[in-house]
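Undergrad: My questions all concern the structure below.
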Amino acid sequence: MPLLLPPWLDGLLLKASCPRCQRQTENRKLCISCRRSLGLEIEGSQGQWPLPWWALGSYEGGLRQQLLQLRKQNNQQLVQALGRQLHAQIPNLGVPLLVTAIPERRPRRGSMPWQLARAIANAGGHKLIKALERRRACLGQHHLNRKQRLSNLEGVFHCVVPAGQQLQPLLLVDDILTTGATALAAMAALEKAGHGLLGLACIARTPAAKKQEWVG
């Protein structure tokens, strides 16, 4: 596994450039041009349905194309930059958080949700943990409506945090939020084990008119 440096040290040791286009920028953040082309909202976006969530932008246009490309070809520096920017959207509770990624249906080494969770944890001095595992296989979500997705994911996750361990506020991380079926299934497993959930942080939120079209 590659060594991930703290953001302050990462900026000192590596040339400060945009991880997407390589233009010179401050602290290896995304440059203004790339933020505009990806449609990243200045202050991000947030909502309360179907659970509290925070996102960088809408899953459409340039951001959708970039996420599809990242699933095919990993760009760890870009994912870390998106994670650091996403961390700025999370409410500051004044206490460290526990951060965990929602396990993917097909586990991959260095998956995007896990990289995002690591970047958020590093940016805020939070603790990264593995809190969930998939208990069984399930169908792909792409062609399912919301009711079918909820049924498909019922009981799919279970909490692997040791019993009796007192958790700090826990933040779920995923790349895309669509109907919220996956996040709700993860939340149910954590709450069943007695753990509270702050909400979900993701790169993109599917536009309301397209909630049924994309995996999430």
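Convention: chains lettered A, B, ... in structure tokens order; per-chain residue numbering from 1; ligands numbered from 1 as shown.
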Please produce, as a tab-separated table, a per-residue contact table for segment 77-122 of chain A versus segment 175-197 of chain A (criterion: any atom at most 9 Å away, only C-alpha atoms considered), showing the nearest atom pair and its distance in Å to one decimal, sorted by chain then residue number.

TA:
residue	atom	partner	partner_atom	distance
A:Ile102	CA	A:Ala186	CA	7.0
A:Met112	CA	A:Asp175	CA	6.8
A:Pro113	CA	A:Asp175	CA	5.5
A:Leu116	CA	A:Asp175	CA	7.8

Undergrad: What does the file look like for those residues with all heavy atoms, as a short mmCIF file (atom, residue, chain, number, x, y, z; two decimals), in the first residue's frame?

TA:
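Final output, selection.cif:
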data_model
loop_
_atom_site.label_atom_id
_atom_site.label_comp_id
_atom_site.auth_asym_id
_atom_site.auth_seq_id
_atom_site.Cartn_x
_atom_site.Cartn_y
_atom_site.Cartn_z
N ILE A 102 -18.17 2.84 2.89
CA ILE A 102 -19.14 1.78 2.62
C ILE A 102 -18.47 0.74 1.72
O ILE A 102 -17.93 1.08 0.67
CB ILE A 102 -20.39 2.36 1.93
CG1 ILE A 102 -21.13 3.30 2.88
CG2 ILE A 102 -21.31 1.24 1.46
CD1 ILE A 102 -22.38 3.91 2.29
N MET A 112 -12.12 3.71 -4.48
CA MET A 112 -12.32 5.14 -4.35
C MET A 112 -12.96 5.54 -3.02
O MET A 112 -12.50 6.49 -2.37
CB MET A 112 -13.15 5.66 -5.52
CG MET A 112 -13.07 7.18 -5.66
SD MET A 112 -14.22 7.90 -6.87
CE MET A 112 -14.16 6.72 -8.21
N PRO A 113 -14.03 4.86 -2.54
CA PRO A 113 -14.60 5.24 -1.24
C PRO A 113 -13.58 5.16 -0.11
O PRO A 113 -13.54 6.02 0.78
CB PRO A 113 -15.74 4.22 -1.05
CG PRO A 113 -16.15 3.86 -2.43
CD PRO A 113 -14.86 3.82 -3.21
N LEU A 116 -11.16 8.07 -0.36
CA LEU A 116 -11.83 9.29 0.10
C LEU A 116 -11.89 9.34 1.62
O LEU A 116 -11.62 10.38 2.23
CB LEU A 116 -13.25 9.34 -0.45
CG LEU A 116 -13.45 9.76 -1.90
CD1 LEU A 116 -14.90 9.53 -2.31
CD2 LEU A 116 -13.07 11.22 -2.08
#

Undergrad: Could you work out how far atom CA of Cys21 of chain A lies from atom CA of Ala204 of chain A, giving the answer in Å with one decimal?

TA: 20.2 Å

Undergrad: If we count only C-alpha atoms and set the cut-off at 10 Å, which residues sit around Ile42 of chain A, ignoring sequence neighbours fewer than 4 positions away in its own chain? Please answer as a list in words.

TA: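 In the requested form, the answer reads Arg35, Arg36, Leu56 and Gly57 of chain A.
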
Undergrad: Would you mind reading off the distance between atom CA of Pro96 of chain A and atom CA of Pro169 of chain A, one decimal, in Å?

TA: 7.8 Å

Undergrad: For a test of reading the model, state the distance in Å between atom CA of Ala117 of chain A and atom CA of Lys130 of chain A, rounded to one decimal.

TA: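 That distance, rounded to one decimal, is 10.2 Å.
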
Undergrad: Could you give me, as a ChimeraX atom specification, the residues within 6 Å of Leu170 of chain A, counting only C-alpha atoms and dropping anything in the same chain fewer than 2 positions from it?

TA: /A:97-99,197-198

Undergrad: Would you mind exporting the chosen residues as a CSV table (one decimal), in the first residue's frame, restricted to N, CA and C atoms?

TA:
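As written to disk, result-v7.csv reads:
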chain,number,residue,atom,x,y,z
A,97,LEU,N,-13.8,12.5,14.7
A,97,LEU,CA,-14.8,11.6,14.2
A,97,LEU,C,-14.1,10.2,13.9
A,98,LEU,N,-15.0,9.2,13.8
A,98,LEU,CA,-14.5,8.0,13.2
A,98,LEU,C,-15.1,8.0,11.8
A,99,VAL,N,-14.2,7.6,10.8
A,99,VAL,CA,-14.5,7.7,9.4
A,99,VAL,C,-14.4,6.3,8.8
A,197,LEU,N,-24.6,7.6,13.9
A,197,LEU,CA,-24.1,8.0,12.6
A,197,LEU,C,-24.3,9.5,12.4
A,198,LEU,N,-23.2,10.2,12.0
A,198,LEU,CA,-23.3,11.6,11.7
A,198,LEU,C,-24.0,11.8,10.4

Undergrad: Select, from A:Ile203, A:Leu51, A:Cys31, A:Ala131, the residue with the minimum atom-to-atom distance to Leu70 of chain A, counting only C-alpha atoms.

TA: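 Nearest candidate to Leu70 of chain A out of A:Ile203, A:Leu51, A:Cys31, A:Ala131: A:Ile203.
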
Undergrad: Tell me which protein, DNA and RNA residues are within 6 Å of segment 74-89 of chain A, counting only C-alpha atoms, leaving out same-chain ones fewer than 2 positions away, and put them as a PyMOL selection string.

TA: chain A and resi 19+29+70+116+119-120+123

Undergrad: Quick one: of A:Lys72, A:Arg64, A:Arg23, A:Arg134, who's nearest to Leu38 of chain A, counting only C-alpha atoms?

TA: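 Going through A:Lys72, A:Arg64, A:Arg23, A:Arg134 one by one, the smallest distance to Leu38 of chain A is for A:Arg64.
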
Undergrad: Just the residues within 6 Å of Val173 of chain A, please, counting only C-alpha atoms, with nothing from its chain fewer than 3 positions along; format it as JSON, numbers by chain.

TA: {"A": [101, 117, 200, 201, 202]}

Undergrad: From the options A:Arg205, A:His126, A:Gln65, A:Ser111, which residue's atoms come nearest to Val95 of chain A, counting only C-alpha atoms?

TA: A:His126

Undergrad: Looking only at helix (DSSP H, G or I) from DSSP on the backbone, list the matching residues of segment 46-137 of chain A as an MDAnalysis selection string.

TA: chainID A and resid 61:72 76:87 112:124
